[in-house]
Amino acid sequence: MPLIEAAHHAFGDRMDVWAIGQDAEGNQRLVEQHKLTLPMLDDSALHTSFAYDIDTVPTVILANEHGEELERFVGFGKPDWQELYRRLIDVTRAPAPVVDWGDYPESRPGCGSKSVEPDIYARLAAEASDSPIRARRIEVGESDDVFEFMFEQGLTDGLPVVPPTPERVLRVLEGTKRDPQEVLGVVPPNLAPLTVEKAAINAVMAGCRPEYMPVVIAALEAILTDEFNMHGVLATTHFPTPVIIVNGPIRDRIGMNYRMNVLGQGNRANATIGRAVQLVVRNVGGGRPGEVDRAALGQPGKYTFCFAEFEERSNWEPLHVERGFKKEESTVTVFAGGAPTGFVDQLARDARTLANSYGKVLAAVSHPKHYNAGEIVVVVSPEHVDTIAKDGWSKAQFRAQIQEATKRPVRELVQDSELAEGIPPAAAEKLGLDTLVPKFRSDEMITLVVAGGEAGKFAAYLQGWVSGPMGSSMVTRKIED
């Protein structure tokens with residue numbers, strides 16, 4: 001500080017000489033201790049330290065009239081100060097400051113700047129003038145409980161969410177190369193534009209790690225397509241919600257579960273990716289229960305429903321390859337599905353018997369008399385896959401046999417006094433009462449996905465919703481960094 005004060009006396013009428021401190025109380029102590037007359041500027045907000053990328057204090061900087069850095073040195077070095085004085089004498093033509101250099105050591109190290117402490121640095125980056133964060137900020141009073149505040153503002157799904165502070169949002173944005181202000185689509189029902197930044201905000205709230213962002217973005221792009229029809233999925237009184245199925249190398253890279261308890265709790269990636277998508281629909285699109293979300297009963301999957309396929313455990317091609325992508329590519333497939341309904345077959349020892357078992361169960365999907373059904377996802381356990389693989393059956397063969405096993409004559413599907421659901425009598429007569437009809441419109445409506453623990457001869461189906469132009473169709477998107 002005495003050397004800075006000496007520079008102020010020697011050169012201060014020809015250039016600005018300032019001391020800048022990171023602590024207001026400490027600054028005042030320095031002024032009093034060294035009887036400083038030069039301006040002592042307060043940078044306790046650390047914005048100047050951040051702008052000049054200070055990682056060690058003290059740092060001495062020589063800048064031009066525009067604030068552009070010309071030279072710096074870090075810590076204390078007697079040769080550095082002597083060289084700086086010589087340069088300033090040459091520039092200003094002022095006489096040399098009077099300094100007894102014998103009072104000073106050759107060098108002393110500095111210490112870490114407050115501006116590079118991890119949490120503080122993240123906050124400063126978020127507050128910087130070139131920050132990618134542009135969304136409207138909501139101020140929370142110091143006396144308010146931030147978690148209760150977000151409940152009161154209707155920003156949660158009924159469970160606590162992580163406060164999306166600027167530094168947290170910035171950290172999650174580091175997980176994608178996409179421009180934070182790129183618009184991914186419009187979110188129904190309000191048709192609000194969804195930027196990558198807003199997706200990141202909701203990903204923070206959901207508890208996502210940065211590396212999950214490419215999956216979250218791909219899933220959001222998929223549900224915002226016309227084919228998926230997110231508005232219809234919300235507005236129906238039925239059960240559907242976005243079910244997200246992940247394929248490819250990214251499953252292991254981000255630690256997704258595709259094994260034991262695959263449709264259950266306990267895995268952060270599975271849980272928070274699906275939750276981020278749901279929060280975007282709620283907070284950006286306005287899709288809140290009791291408003292546009294008109295589900296009569298709903299289901300737990302409306303909190304989150306995301307899992308990965310156990311590709312390595314099957315002789316079948318994985319879902320994304322079946323849908324036209326390369327095995328080494330990573331994808332998300334979104335499906336408007338109901339809650340999982342499990343079923344058991346522990347006795348079938350060949351593919352045909354097992355397919356017949358599946359067919360008898362699936363014949364009752366929605367209602368035993370509801371036929372001409374659309375898309376359905378069937379989650380096949382590894383033990384069942386082993387039974388099928390033993391006979392070398394392909395997915396196409398297995399699906400075809402399921403369809404065959406579901407066939408019933410029209411006369412059993414006609415509306416009657418005992419069961420009013422089913423085919424109206426006039427339509428049944430036109431079809432022919434002895435005509436055999438399968439449950440699903442086509443074999444391709446049955447999507448087979450392998451997942452789950454390696455012990456247990458079980459399966460589960462996820463019922464679809466009005467597949468096709470009047471409802472929702474499955475959509476697959478490639479995951480890009």
# chains A, B, ... in the order shown; residues from 1 in each chain; ligands from 1
>>> residues_around(residues="region 239-251 of chain A", least_positions_apart="3", cutoff="7 Å", atoms="only C-alpha atoms", output="CSV table (one decimal) with N, CA and C atoms, in the first residue's frame")
chain,number,residue,atom,x,y,z
A,219,ALA,N,-35.7,-34.6,-25.3
A,219,ALA,CA,-37.1,-35.0,-24.9
A,219,ALA,C,-38.1,-33.9,-25.1
A,233,VAL,N,-52.4,-34.5,-24.9
A,233,VAL,CA,-52.1,-35.4,-23.8
A,233,VAL,C,-52.4,-34.7,-22.5
A,254,ILE,N,-24.3,-41.0,-18.4
A,254,ILE,CA,-24.9,-40.2,-17.3
A,254,ILE,C,-25.5,-41.1,-16.2
A,255,GLY,N,-25.2,-42.4,-16.2
A,255,GLY,CA,-25.6,-43.2,-15.1
A,255,GLY,C,-27.0,-43.5,-15.0
A,256,MET,N,-27.7,-43.8,-16.1
A,256,MET,CA,-29.1,-44.1,-16.1
A,256,MET,C,-29.4,-45.5,-15.7
A,274,GLY,N,-37.1,-36.9,-16.4
A,274,GLY,CA,-38.5,-36.9,-16.6
A,274,GLY,C,-39.2,-35.8,-15.8
A,295,ALA,N,-56.9,-34.6,-16.5
A,295,ALA,CA,-56.9,-36.0,-16.1
A,295,ALA,C,-57.9,-36.3,-15.0
A,298,GLY,N,-55.4,-39.2,-13.2
A,298,GLY,CA,-54.0,-39.0,-13.2
A,298,GLY,C,-53.2,-40.3,-12.9
A,299,GLN,N,-51.9,-40.2,-12.6
A,299,GLN,CA,-51.1,-41.3,-12.3
A,299,GLN,C,-49.7,-40.8,-11.9
A,301,GLY,N,-46.8,-41.3,-12.9
A,301,GLY,CA,-45.9,-40.9,-14.0
A,301,GLY,C,-46.0,-39.5,-14.3
A,302,LYS,N,-47.0,-38.7,-13.9
A,302,LYS,CA,-47.1,-37.3,-14.2
A,302,LYS,C,-46.1,-36.5,-13.3
A,305,PHE,N,-41.4,-39.8,-15.6
A,305,PHE,CA,-41.5,-41.2,-16.2
A,305,PHE,C,-40.4,-41.3,-17.2
A,306,CYS,N,-39.2,-41.8,-16.8
A,306,CYS,CA,-38.1,-41.8,-17.8
A,306,CYS,C,-37.3,-43.1,-17.4
A,307,PHE,N,-36.9,-43.8,-18.4
A,307,PHE,CA,-36.0,-45.0,-18.1
A,307,PHE,C,-35.2,-45.3,-19.4
A,308,ALA,N,-34.2,-46.2,-19.3
A,308,ALA,CA,-33.4,-46.5,-20.4
A,308,ALA,C,-33.6,-48.0,-20.8
A,309,GLU,N,-33.3,-48.4,-22.0
A,309,GLU,CA,-33.4,-49.8,-22.4
A,309,GLU,C,-32.2,-50.5,-22.1
A,320,HIS,N,-34.1,-47.8,-30.7
A,320,HIS,CA,-33.8,-46.7,-31.6
A,320,HIS,C,-33.3,-47.2,-32.9
A,327,LYS,N,-26.9,-47.7,-34.0
A,327,LYS,CA,-26.7,-48.2,-32.6
A,327,LYS,C,-25.8,-47.3,-31.8
A,328,GLU,N,-24.8,-46.7,-32.4
A,328,GLU,CA,-23.9,-45.9,-31.6
A,328,GLU,C,-24.5,-44.5,-31.4
A,329,GLU,N,-25.6,-44.2,-31.9
A,329,GLU,CA,-26.3,-42.9,-31.6
A,329,GLU,C,-27.1,-43.0,-30.4
A,330,SER,N,-27.3,-41.8,-29.7
A,330,SER,CA,-28.1,-41.8,-28.5
A,330,SER,C,-29.4,-41.1,-28.9
A,331,THR,N,-30.5,-41.6,-28.4
A,331,THR,CA,-31.8,-41.0,-28.7
A,331,THR,C,-32.7,-41.0,-27.5
A,332,VAL,N,-33.8,-40.2,-27.6
A,332,VAL,CA,-34.9,-40.3,-26.7
A,332,VAL,C,-36.1,-40.7,-27.5
A,333,THR,N,-37.0,-41.5,-27.0
A,333,THR,CA,-38.3,-41.8,-27.6
A,333,THR,C,-39.3,-41.4,-26.6
A,334,VAL,N,-40.3,-40.6,-27.0
A,334,VAL,CA,-41.3,-40.2,-26.1
A,334,VAL,C,-42.7,-40.8,-26.6
A,335,PHE,N,-43.4,-41.2,-25.6
A,335,PHE,CA,-44.6,-42.0,-25.8
A,335,PHE,C,-45.7,-41.5,-24.8
A,336,ALA,N,-46.9,-41.2,-25.2
A,336,ALA,CA,-48.0,-40.8,-24.4
A,336,ALA,C,-48.6,-42.1,-23.7
A,337,GLY,N,-48.0,-42.4,-22.5
A,337,GLY,CA,-48.3,-43.7,-21.9
A,337,GLY,C,-49.0,-43.6,-20.6
A,338,GLY,N,-49.7,-44.6,-20.2
A,338,GLY,CA,-50.3,-44.7,-18.9
A,338,GLY,C,-49.3,-45.3,-17.9
A,464,GLY,N,-51.3,-46.9,-24.4
A,464,GLY,CA,-51.2,-45.6,-25.1
A,464,GLY,C,-52.5,-44.8,-25.1
A,465,TRP,N,-52.5,-43.8,-25.9
A,465,TRP,CA,-53.7,-42.9,-25.9
A,465,TRP,C,-54.0,-42.5,-27.3
>>> residues_around(residues="Asp443 (chain A)", least_positions_apart="6", cutoff="8 Å", atoms="only C-alpha atoms", output="number ranges by chain")
A: 396, 399-400, 403
>>> select_by_dssp(residues="region 206-332 of chain A", states="alpha helix (DSSP H)", output="number ranges by chain")
A: 206, 213-223, 230-235, 250-253, 268-283, 319-322
>>> residues_around(residues="Val196 (chain A)", least_positions_apart="4", cutoff="8 Å", atoms="only C-alpha atoms", output="JSON, numbers by chain")
{"A": [178, 179, 180, 181, 182, 183, 184, 200, 217]}
>>> closest_residue(among="A:Val410, A:Ala235, A:Val344, A:Ala339", to="Asp293 (chain A)", atoms="only C-alpha atoms")
A:Ala235
>>> closest_residue(among="A:Gln397, A:Ser366, A:Thr48, A:Asn202", to="Val277 (chain A)", atoms="only C-alpha atoms")
A:Asn202
>>> closest_residue(among="A:Ile479, A:Val281, A:Leu347, A:Leu436", to="Phe325 (chain A)", atoms="only C-alpha atoms")
A:Ile479
>>> atom_distance(atom1="CA of Leu413 (chain A)", atom2="CA of Ala426 (chain A)")
12.3 Å
>>> closest_atom_pairs(of="region 61-88 of chain A", to="region 111-133 of chain A", cutoff="12 Å", atoms="only C-alpha atoms", output="Markdown table")
| residue | atom | partner | partner_atom | distance |
| --- | --- | --- | --- | --- |
| A:Val74 | CA | A:Cys111 | CA | 9.6 |
| A:Gly75 | CA | A:Cys111 | CA | 7.8 |
| A:Phe76 | CA | A:Cys111 | CA | 10.8 |
>>> write_last_selection(atoms="C-alpha atoms", output="compact mmCIF listing (two decimals), in the first residue's frame")
# COMPACT_ATOMS: atom_id res chain seq x y z
CA VAL A 74 0.76 -10.87 -9.04
CA GLY A 75 1.84 -10.95 -5.40
CA PHE A 76 4.70 -8.72 -4.29
>>> residues_around(residues="Phe228 (chain A)", least_positions_apart="3", cutoff="7 Å", atoms="only C-alpha atoms", output="ChimeraX atom specification")
/A:223-225,472-475
>>> select_by_dssp(residues="region 134-330 of chain A", states="strand (DSSP E or B)", output="list in words")
Val183, Leu184, Gly185, Val186, Val187, Ala192, Pro193, Leu194, Thr195, Thr241, Pro242, Val243, Ile244, Ile245, Val246, Asn247, Pro289, Asp293, Cys306, Phe307 and Ala308 of chain A
>>> residues_around(residues="Ala271 (chain A)", least_positions_apart="6", cutoff="9 Å", atoms="only C-alpha atoms", output="PyMOL selection string")
chain A and resi 206-208+264-265+303-307
>>> write_last_selection(atoms="C-alpha atoms", output="JSON list (two decimals), in the first residue's frame")
[["chain", "number", "residue", "atom", "x", "y", "z"],
["A", 206, "ALA", "CA", -35.96, -30.89, -11.02],
["A", 207, "GLY", "CA", -32.50, -31.69, -9.61],
["A", 208, "CYS", "CA", -30.69, -32.42, -12.90],
["A", 264, "GLY", "CA", -39.17, -47.28, -9.86],
["A", 265, "GLN", "CA", -37.39, -44.75, -7.68],
["A", 303, "TYR", "CA", -44.33, -36.50, -11.67],
["A", 304, "THR", "CA", -41.69, -38.19, -13.83],
["A", 305, "PHE", "CA", -41.46, -41.17, -16.17],
["A", 306, "CYS", "CA", -38.09, -41.84, -17.75],
["A", 307, "PHE", "CA", -36.01, -45.00, -18.14]]
>>> closest_residue(among="A:Ile4, A:Val215, A:Ile402, A:Val380", to="Leu38 (chain A)", atoms="only C-alpha atoms")
A:Ile4
>>> residues_around(residues="Glu5 (chain A)", least_positions_apart="3", cutoff="8 Å", atoms="only C-alpha atoms", output="PyMOL selection string")
chain A and resi 1-2+8-9+36-38
